[in-house]
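All remarks here apply to the structure that follows.
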Amino acid sequence: MTALLERTGVSVCRYTDLQPERGVRALVGDVHVAVFRTHDGEVHAIDAVDPFSSASVLSRGVVGTAGDEPFVSSPMYKQRFGLRTGVCLDDPSVRVRVFSVDVVDGVVVIARPSW
Amino acid sequence: MRKPSRNLATALSGAMGEGATRRLVVIGQGMVGHRLVEALLERDAGAQWSIIALAEESRLAYDRVALSSLFAGTRADDLALRPFADPRVKVRLGDPAAHIDIAARHVVTASGRIERFDELVLATGSMPFVPPIPGAELGLVYRTVGDAVAITAAAAGATSGAVIGGGLLGLEAADALRRLGLRTHVVESASRLMPAQVDEGGGEALRLQVERLGLDLRLGTRTVAIEDADGRRRLRFDDGTELDVDLAVFAVGIRPRDELARECGLAIGPRGGVLVDAACRTAAPHVWAIGEVACVDGDVYGLVAPGYAMAEVVADRLVGGSATFADADTATKLKLMGVDVASFGDAFAAAPGSLALVYANPVAGVYKKLVVSDDARRLLGGILVGDATEYAMLRPMVGSDATMPPDPAGLLRLGDASAAGAGPAALPSSAIVCSCHGVTKGELCGAVSEGARELAELKSCTKAGTGCGSCVPLMKAVLADELGKAGIAMNKALCEHFEQSRAELFDIVRVAGVTTFSQLVQEYGRGRGCDICKPVVASILASLGAGRHILSGEQATLQDTNDHFLANIQKDGTYSVVPRIPGGEITPAKLAVIAEVAGDFGLYTKITGAQRIDMFGARVEQLPAIWRRLVDAGFESGHAYGKALRTVKSCVGSTWCRFGVQDSVQLAIDLELRYRGLRAPHKIKAAVSGCARECAEARGKDFGIIATEKGWNLYVGGNGGFSPRHAELFAQNLDTESLIRFIDRFLMFYVRTADRLQRTASWLESLDGGLDYVRAVIVDDSLGICSQLDAAMAAHVAGYCDEWRGALDDPDVLSRFVSFVNAPDAPDDSLSIRR
């Protein structure tokens, strides 16, 4: 997996650039990706475009947990998206893409979306 | 000219309520007439009715019970009942009925309009009774908004007034005169005040209380004549004495407005009022009467609750129901001049064998009486004066199957909260909790079992508590009891991560000296927080952490996007920028800077309602460059993005305005600079007006100041927005030092104790005792916390730093203002708003 990502992925920043429980936005090809580091040290990447407002803002939401599920809340109309699944917790019929992400030698690498 | 217009009106009214097959005419749009229309609209599912409502007054139906609030600053329009937004109803203002033709089934109005009806309801109410004494025409009356206006006009330049009548209405009128600043006399022919509601003991307690408020009472005294004495009023009494005052108001009782009914031959009760049966039908077919004009079983009721009950009965009958008017609820509870008075059920122990249990504290002016059945097992009625806390609990027990506890005295708290009464669990489900809307405890419990969890939900699905509001404490108790039984705690928890309310978290952070969210959630909560608790904790840390930047360390991660980028997000993900312009005062040079910055960055500019300039369309990565220019020119953050003090708006004041009596601009600037950056549960807006013309709209603000010749009047608890509120008068004619001290404490007390996203208006409403309580805390230091509040504000003022200057000086913070972490300068092609 790591080897594969090194070849096909995009390095976006250093792991230490990520502030715990806050997002950054990255450009992967022409796709806007929101990247988060949660409190447990995990890194997650989802679409940055909020499907409810069509604005590229999900990286700027507040990060939290619902039970054990880490989520980001859209800064626009406050819908929450699970960081592991991309599913909207407030309307499960809506979801955003989730991207494979890994930390290689302290660098955050995101897989290019295959679609 | 007249005939065509009538034809036009007929044609128009024929078109309304399409599909309607039956036509109702309601004569009278007081509270009861209004309720009838409301109740019929609700029940008329098939839309078979079209309704014509004839109103004598030229204003829509209003809350007459609250008339006295006009003298406490409420505007007449605020008393309006909900208007009908329904094509089935047409309200004709200022065009009362002049004649009824029962045989032809039509009503002729004062303007000559003819309204045909299938059914007719008389809801003409009452008129004030003016006793036939010489000079009666020199007295005013107290019933309508028009009367209130006339009293206010007569009070201009007056120093004293007398109210003839010491009943419920008389004391309300007396309160009105008192609020108009008049030395007020009350003349009552009975030996006590409110003789219809309270007994001698209750009357005595009431006398003590109102005399303490400065009213001059003449009990057992009949007014026999009024004379004009050089423009003043001379009242002559039956004991030969006299009294000179500037104005006199009659409030000795009311008489049913039954003249239309008399004219068309309807049977009239012994003391007036149209005779009706238990269905509120008059002797004539298709004609009904409700409210104060109706005489049911020989009784005419001068209270709104029985009138509402009659309106519901007729509405039910009109859609084929069979409701009847049963025992009228004549329970009364009111607060007169801050004195609680309640009377309910068999208050005078008229039932054979009934027993009375009395507690009286003449020093405190408290009197409580319970009337119980001969076996002491049933509560029959009671009187409470001076403290009516138990009323909400006791009244529903009357006429229900509730059994009294072995010692009924336990039902009275007697000033000791621990000696609690029987509690809502003792009430049977048939007990009526809300008498305005006839809602039983059983119906409330049903709503809870169907999912209502909060008072607001319970109100909206049952309507209980939306009338006079006196049952709200009992509703709360029933709700808590039901939720408790179902194992659901009354939810004051902030969110799933904290059991505590915002106010409790504030105290924990303050007392335990917690400085980070992680510490707080680990020691006092669970999980890792969410979009609800994180901004709340961020706000608390900011309120308490004067001098520390809101984006330093972990605190940055707690902030909503607006606080995180110190700007306001717009629908396309760009931000708007608002520099502070204290008091709305700005130099031409600074205006030019804003113009240049907006031009250079291609920003759309708009003057805001808060007297400053908003620049829209800034991208995240542009914000530091924009602010570098603004800060260099002497601007600082306007906190438009924060739950914080926004602005202190001002009129131009005495410097320029020919009416201004004080320098409102300078005070606004001083206040805005004092409170800038203060984080709060919600945004805070303020204003200063330089004279009573109130051009700064200060009464629409969380705190507003209006200049007087002698100083400043302070108002608190106003807001605009979705539910506009007028601020209430907190203190008058303050010097600047006292004004600032009171605002300091008001704000800090609000910051400490309000709920998340609770503006000052609903905060004041939620506090037991409301504004009076806050006044006690702030002015009289009743909680002994004023020195703490003062110290907290002093720390805030001393620790203030401009947030944008701080951000520009911190490379760590600046590094977050990029479009993409891996392409910091790449333009964002997703922005969709194009100008």
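Ligands are numbered from 1 in the order shown, chains are lettered A, B, ... in the order of the structure tokens, and residues start at 1 in each chain.
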Please identify every residue of chain A that has at least one atom no farther than 10 Å from an atom of chain B, counting only C-alpha atoms, and for each give the shortest atom pair and the distance in Å to one decimal, arranged by chain then increasing number, as JSON lines.
{"residue": "A:Val10", "atom": "CA", "partner": "B:Asn822", "partner_atom": "CA", "distance": 9.6}
{"residue": "A:Ser11", "atom": "CA", "partner": "B:Asn822", "partner_atom": "CA", "distance": 8.1}
{"residue": "A:Val12", "atom": "CA", "partner": "B:Asn822", "partner_atom": "CA", "distance": 5.0}
{"residue": "A:Cys13", "atom": "CA", "partner": "B:Asn822", "partner_atom": "CA", "distance": 6.2}
{"residue": "A:Arg14", "atom": "CA", "partner": "B:Val821", "partner_atom": "CA", "distance": 9.8}
{"residue": "A:Asp17", "atom": "CA", "partner": "B:Val821", "partner_atom": "CA", "distance": 8.8}
{"residue": "A:Leu18", "atom": "CA", "partner": "B:Val821", "partner_atom": "CA", "distance": 9.6}
{"residue": "A:Gln19", "atom": "CA", "partner": "B:Thr557", "partner_atom": "CA", "distance": 7.7}
{"residue": "A:Pro20", "atom": "CA", "partner": "B:Thr557", "partner_atom": "CA", "distance": 7.7}
{"residue": "A:Glu21", "atom": "CA", "partner": "B:Thr557", "partner_atom": "CA", "distance": 6.3}
{"residue": "A:Arg22", "atom": "CA", "partner": "B:Thr557", "partner_atom": "CA", "distance": 5.6}
{"residue": "A:Gly23", "atom": "CA", "partner": "B:Thr557", "partner_atom": "CA", "distance": 9.0}
{"residue": "A:Val24", "atom": "CA", "partner": "B:Val821", "partner_atom": "CA", "distance": 6.2}
{"residue": "A:Arg25", "atom": "CA", "partner": "B:Phe820", "partner_atom": "CA", "distance": 5.0}
{"residue": "A:Ala26", "atom": "CA", "partner": "B:Phe820", "partner_atom": "CA", "distance": 4.8}
{"residue": "A:Leu27", "atom": "CA", "partner": "B:Phe820", "partner_atom": "CA", "distance": 6.2}
{"residue": "A:Val28", "atom": "CA", "partner": "B:Asn822", "partner_atom": "CA", "distance": 8.9}
{"residue": "A:Asp30", "atom": "CA", "partner": "B:Asp829", "partner_atom": "CA", "distance": 9.7}
{"residue": "A:His32", "atom": "CA", "partner": "B:Phe820", "partner_atom": "CA", "distance": 8.4}
{"residue": "A:Val33", "atom": "CA", "partner": "B:Phe820", "partner_atom": "CA", "distance": 9.1}
{"residue": "A:Ala34", "atom": "CA", "partner": "B:Phe820", "partner_atom": "CA", "distance": 9.5}
{"residue": "A:Val35", "atom": "CA", "partner": "B:Val821", "partner_atom": "CA", "distance": 9.5}
{"residue": "A:Thr38", "atom": "CA", "partner": "B:Arg528", "partner_atom": "CA", "distance": 9.3}
{"residue": "A:His39", "atom": "CA", "partner": "B:Arg528", "partner_atom": "CA", "distance": 7.6}
{"residue": "A:Asp40", "atom": "CA", "partner": "B:Arg528", "partner_atom": "CA", "distance": 9.9}
{"residue": "A:Val49", "atom": "CA", "partner": "B:Ser830", "partner_atom": "CA", "distance": 9.1}
{"residue": "A:Ser53", "atom": "CA", "partner": "B:Lys571", "partner_atom": "CA", "distance": 7.2}
{"residue": "A:Ser54", "atom": "CA", "partner": "B:Asp572", "partner_atom": "CA", "distance": 7.7}
{"residue": "A:Ala55", "atom": "CA", "partner": "B:Asp572", "partner_atom": "CA", "distance": 5.3}
{"residue": "A:Ser56", "atom": "CA", "partner": "B:Gly573", "partner_atom": "CA", "distance": 6.6}
{"residue": "A:Val57", "atom": "CA", "partner": "B:Gly573", "partner_atom": "CA", "distance": 6.1}
{"residue": "A:Leu58", "atom": "CA", "partner": "B:Gly573", "partner_atom": "CA", "distance": 9.8}
{"residue": "A:Ser59", "atom": "CA", "partner": "B:Thr561", "partner_atom": "CA", "distance": 9.6}
{"residue": "A:Arg60", "atom": "CA", "partner": "B:Thr561", "partner_atom": "CA", "distance": 5.8}
{"residue": "A:Gly61", "atom": "CA", "partner": "B:Thr561", "partner_atom": "CA", "distance": 6.3}
{"residue": "A:Val62", "atom": "CA", "partner": "B:Asp531", "partner_atom": "CA", "distance": 5.4}
{"residue": "A:Val63", "atom": "CA", "partner": "B:Cys530", "partner_atom": "CA", "distance": 6.3}
{"residue": "A:Gly64", "atom": "CA", "partner": "B:Cys530", "partner_atom": "CA", "distance": 4.2}
{"residue": "A:Thr65", "atom": "CA", "partner": "B:Arg528", "partner_atom": "CA", "distance": 5.5}
{"residue": "A:Ala66", "atom": "CA", "partner": "B:Cys530", "partner_atom": "CA", "distance": 7.6}
{"residue": "A:Gly67", "atom": "CA", "partner": "B:Gly527", "partner_atom": "CA", "distance": 7.1}
{"residue": "A:Asp68", "atom": "CA", "partner": "B:Gly527", "partner_atom": "CA", "distance": 7.5}
{"residue": "A:Glu69", "atom": "CA", "partner": "B:Gly527", "partner_atom": "CA", "distance": 9.7}
{"residue": "A:Pro70", "atom": "CA", "partner": "B:Arg528", "partner_atom": "CA", "distance": 8.5}
{"residue": "A:Phe71", "atom": "CA", "partner": "B:Cys530", "partner_atom": "CA", "distance": 8.3}
{"residue": "A:Val72", "atom": "CA", "partner": "B:Asp531", "partner_atom": "CA", "distance": 8.2}
{"residue": "A:Ser73", "atom": "CA", "partner": "B:Asp531", "partner_atom": "CA", "distance": 6.4}
{"residue": "A:Ser74", "atom": "CA", "partner": "B:Asp531", "partner_atom": "CA", "distance": 9.1}
{"residue": "A:Pro75", "atom": "CA", "partner": "B:Thr561", "partner_atom": "CA", "distance": 6.1}
{"residue": "A:Met76", "atom": "CA", "partner": "B:Lys571", "partner_atom": "CA", "distance": 7.3}
{"residue": "A:Tyr77", "atom": "CA", "partner": "B:Lys571", "partner_atom": "CA", "distance": 9.7}
{"residue": "A:Lys78", "atom": "CA", "partner": "B:Asp531", "partner_atom": "CA", "distance": 7.9}
{"residue": "A:Gln79", "atom": "CA", "partner": "B:Asp531", "partner_atom": "CA", "distance": 9.9}
{"residue": "A:Arg80", "atom": "CA", "partner": "B:Asp531", "partner_atom": "CA", "distance": 8.9}
Write the residues of the preceding selection, restricted to N, CA and C atoms, as a compact mmCIF listing (two decimals), in the first residue's frame.
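Listed below is the output, out18.txt:
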# COMPACT_ATOMS: atom_id res chain seq x y z
N VAL A 10 -0.01 11.78 -4.13
CA VAL A 10 0.50 13.15 -4.16
C VAL A 10 0.91 13.54 -2.74
N SER A 11 2.15 13.97 -2.59
CA SER A 11 2.60 14.45 -1.28
C SER A 11 2.03 15.85 -1.09
N VAL A 12 1.34 16.07 0.03
CA VAL A 12 0.72 17.38 0.18
C VAL A 12 1.35 18.25 1.26
N CYS A 13 1.84 17.65 2.35
CA CYS A 13 2.48 18.46 3.39
C CYS A 13 3.18 17.51 4.36
N ARG A 14 3.89 18.12 5.31
CA ARG A 14 4.47 17.29 6.36
C ARG A 14 3.39 16.99 7.41
N ASP A 17 2.78 19.59 9.86
CA ASP A 17 2.06 20.79 9.44
C ASP A 17 0.59 20.71 9.84
N LEU A 18 0.12 19.49 10.10
CA LEU A 18 -1.29 19.31 10.43
C LEU A 18 -1.50 19.58 11.91
N GLN A 19 -2.35 20.50 12.19
CA GLN A 19 -2.69 20.80 13.59
C GLN A 19 -3.73 19.77 14.03
N PRO A 20 -3.55 19.15 15.22
CA PRO A 20 -4.54 18.15 15.63
C PRO A 20 -5.94 18.76 15.67
N GLU A 21 -6.90 18.01 15.14
CA GLU A 21 -8.31 18.41 15.14
C GLU A 21 -8.59 19.69 14.39
N ARG A 22 -7.86 19.87 13.29
CA ARG A 22 -8.17 20.97 12.40
C ARG A 22 -7.78 20.52 11.01
N GLY A 23 -8.42 21.05 9.98
CA GLY A 23 -8.14 20.60 8.62
C GLY A 23 -7.29 21.56 7.83
N VAL A 24 -6.74 21.02 6.73
CA VAL A 24 -6.14 21.88 5.70
C VAL A 24 -6.74 21.44 4.37
N ARG A 25 -6.62 22.28 3.37
CA ARG A 25 -7.12 21.90 2.06
C ARG A 25 -5.92 21.66 1.14
N ALA A 26 -6.01 20.61 0.31
CA ALA A 26 -4.92 20.29 -0.60
C ALA A 26 -5.48 20.16 -2.01
N LEU A 27 -4.59 20.37 -2.97
CA LEU A 27 -4.97 20.22 -4.36
C LEU A 27 -4.37 18.91 -4.86
N VAL A 28 -5.20 17.94 -5.21
CA VAL A 28 -4.73 16.65 -5.70
C VAL A 28 -5.24 16.54 -7.13
N ASP A 30 -6.82 18.17 -9.92
CA ASP A 30 -7.66 19.37 -9.80
C ASP A 30 -8.77 19.16 -8.78
N HIS A 32 -10.19 19.20 -4.95
CA HIS A 32 -9.96 19.82 -3.64
C HIS A 32 -10.18 18.77 -2.55
N VAL A 33 -9.15 18.53 -1.76
CA VAL A 33 -9.24 17.50 -0.72
C VAL A 33 -9.04 18.16 0.65
N ALA A 34 -9.89 17.76 1.60
CA ALA A 34 -9.75 18.26 2.98
C ALA A 34 -9.02 17.19 3.78
N VAL A 35 -7.93 17.59 4.44
CA VAL A 35 -7.09 16.63 5.16
C VAL A 35 -7.11 16.97 6.65
N THR A 38 -6.61 13.71 13.42
CA THR A 38 -7.47 13.64 14.60
C THR A 38 -6.62 13.50 15.86
N HIS A 39 -7.30 13.51 17.01
CA HIS A 39 -6.61 13.51 18.30
C HIS A 39 -5.78 12.26 18.52
N ASP A 40 -6.26 11.12 17.91
CA ASP A 40 -5.52 9.86 18.08
C ASP A 40 -4.34 9.75 17.13
N VAL A 49 -15.29 19.73 -1.00
CA VAL A 49 -16.51 20.44 -1.41
C VAL A 49 -17.70 19.92 -0.60
N SER A 53 -23.68 23.02 0.17
CA SER A 53 -23.52 24.41 -0.25
C SER A 53 -22.73 24.53 -1.55
N SER A 54 -22.15 23.40 -2.01
CA SER A 54 -21.29 23.40 -3.19
C SER A 54 -20.07 24.30 -3.05
N ALA A 55 -19.75 24.68 -1.83
CA ALA A 55 -18.55 25.50 -1.61
C ALA A 55 -17.44 24.59 -1.09
N SER A 56 -16.21 24.94 -1.46
CA SER A 56 -15.06 24.11 -1.10
C SER A 56 -14.55 24.51 0.28
N VAL A 57 -15.25 24.06 1.32
CA VAL A 57 -15.00 24.60 2.66
C VAL A 57 -14.87 23.55 3.76
N LEU A 58 -15.01 22.24 3.44
CA LEU A 58 -15.05 21.26 4.54
C LEU A 58 -13.76 21.24 5.35
N SER A 59 -12.63 21.66 4.76
CA SER A 59 -11.38 21.67 5.54
C SER A 59 -11.44 22.71 6.67
N ARG A 60 -12.41 23.63 6.61
CA ARG A 60 -12.44 24.72 7.59
C ARG A 60 -13.46 24.50 8.70
N GLY A 61 -13.99 23.27 8.80
CA GLY A 61 -14.99 23.01 9.83
C GLY A 61 -14.37 22.60 11.15
N VAL A 62 -15.20 22.56 12.18
CA VAL A 62 -14.76 22.09 13.50
C VAL A 62 -14.76 20.56 13.48
N VAL A 63 -13.69 19.97 14.04
CA VAL A 63 -13.55 18.51 14.08
C VAL A 63 -13.97 18.02 15.46
N GLY A 64 -14.69 16.90 15.48
CA GLY A 64 -15.10 16.36 16.77
C GLY A 64 -15.40 14.89 16.67
N THR A 65 -16.07 14.37 17.71
CA THR A 65 -16.46 12.96 17.68
C THR A 65 -17.93 12.83 18.00
N ALA A 66 -18.59 11.87 17.30
CA ALA A 66 -19.95 11.48 17.63
C ALA A 66 -19.84 10.02 18.03
N GLY A 67 -19.95 9.74 19.35
CA GLY A 67 -19.58 8.42 19.83
C GLY A 67 -18.11 8.23 19.54
N ASP A 68 -17.75 7.18 18.78
CA ASP A 68 -16.34 6.96 18.44
C ASP A 68 -15.99 7.48 17.06
N GLU A 69 -17.03 8.00 16.37
CA GLU A 69 -16.83 8.37 14.97
C GLU A 69 -16.28 9.79 14.87
N PRO A 70 -15.06 9.95 14.29
CA PRO A 70 -14.57 11.31 14.09
C PRO A 70 -15.33 11.98 12.94
N PHE A 71 -15.62 13.27 13.07
CA PHE A 71 -16.34 13.96 12.00
C PHE A 71 -15.85 15.39 11.87
N VAL A 72 -16.20 15.98 10.71
CA VAL A 72 -16.01 17.42 10.55
C VAL A 72 -17.40 18.01 10.29
N SER A 73 -17.63 19.17 10.88
CA SER A 73 -18.91 19.83 10.67
C SER A 73 -18.71 20.95 9.66
N SER A 74 -19.53 20.97 8.62
CA SER A 74 -19.37 21.99 7.59
C SER A 74 -19.54 23.38 8.18
N PRO A 75 -18.64 24.29 7.84
CA PRO A 75 -18.78 25.65 8.39
C PRO A 75 -19.96 26.40 7.78
N MET A 76 -20.53 25.84 6.71
CA MET A 76 -21.59 26.60 6.03
C MET A 76 -22.94 26.37 6.72
N TYR A 77 -23.46 25.13 6.67
CA TYR A 77 -24.77 24.87 7.28
C TYR A 77 -24.69 23.80 8.38
N LYS A 78 -23.48 23.45 8.80
CA LYS A 78 -23.25 22.64 10.00
C LYS A 78 -23.51 21.13 9.88
N GLN A 79 -23.78 20.63 8.66
CA GLN A 79 -23.93 19.17 8.57
C GLN A 79 -22.59 18.51 8.89
N ARG A 80 -22.68 17.32 9.56
CA ARG A 80 -21.45 16.63 9.98
C ARG A 80 -21.15 15.47 9.01
Inset, instruction - To one decimal in Å, tell me the separation between CA of Thr184 (chain B) and CA of Leu67 (chain B). - result: 18.2 Å
Inset, instruction - Could you check how far CA of Glu292 (chain B) sits from CA of Ile268 (chain B), in Å to one decimal? - result: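 Interatomic distance, CA of Glu292 (chain B) to CA of Ile268 (chain B): 12.9 Å.
Taking CA of Val314 (chain B) and CA of Ala289 (chain B) as the two end points, the separation is 8.7 Å.
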Legend entry - For Asp86 (chain B): contacts at 12 Å, only C-alpha atoms, fewer than 2 positions along chain excluded, given as a ChimeraX atom specification: /B:16-18,37-38,40-42,47,49-52,82-84,88-91
Inset, instruction - Could you tell me, as JSON, numbers by chain, which residues of chain A DSSP assigns to alpha helix (DSSP H) when given the backbone? - result: {"A": [2, 3, 4, 5, 6, 7, 8]}
Inset, instruction - For Ile254 (chain B), work out the shell of residues within 10 Å, counting only C-alpha atoms and skipping chain neighbours fewer than 5 positions away, then give it as a PyMOL selection string. - result: chain B and resi 125-130+143+169+292+302
Legend entry - For region 149-161 of chain B: contacts at 8 Å, only C-alpha atoms, fewer than 5 positions along chain excluded, given as a ChimeraX atom specification: /B:140,177,180-185,245-249
Inset, instruction - Find the spatial neighbours of Tyr15 (chain A), counting only C-alpha atoms, within a cut-off of 8 Å - ignore same-chain residues fewer than 3 positions away - and output them as a ChimeraX atom specification. - result: /A:18,103,106-108
Store the residues of this selection in a file with C-alpha atoms, as a PDB file, in the first residue's frame.
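File written: part.pdb
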ATOM      1  CA  LEU A  18      -1.288  19.312  10.432  1.00  0.00           C
ATOM      2  CA  VAL A 103       2.211   9.167   6.193  1.00  0.00           C
ATOM      3  CA  GLY A 106       6.769  12.215   7.902  1.00  0.00           C
ATOM      4  CA  VAL A 107       5.070  13.311   4.689  1.00  0.00           C
ATOM      5  CA  VAL A 108       1.328  13.104   4.120  1.00  0.00           C
TER       6      VAL A 108
END
Legend entry - Exercise: Thr241 (chain B) partners within 12 Å, only C-alpha atoms, chain neighbours under 2 positions left out, as a list in words: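 The residues that qualify are Arg218, Thr221, Arg222, Thr223, Val224, Ala225, Arg234, Leu235, Arg236, Phe237, Asp238, Asp239, Leu243 and Asp244 of chain B.
Residue nearest Leu379 (chain B), chosen from B:Ala640, B:Ala55, B:Leu355, B:Val366 and counting only C-alpha atoms: B:Leu355.
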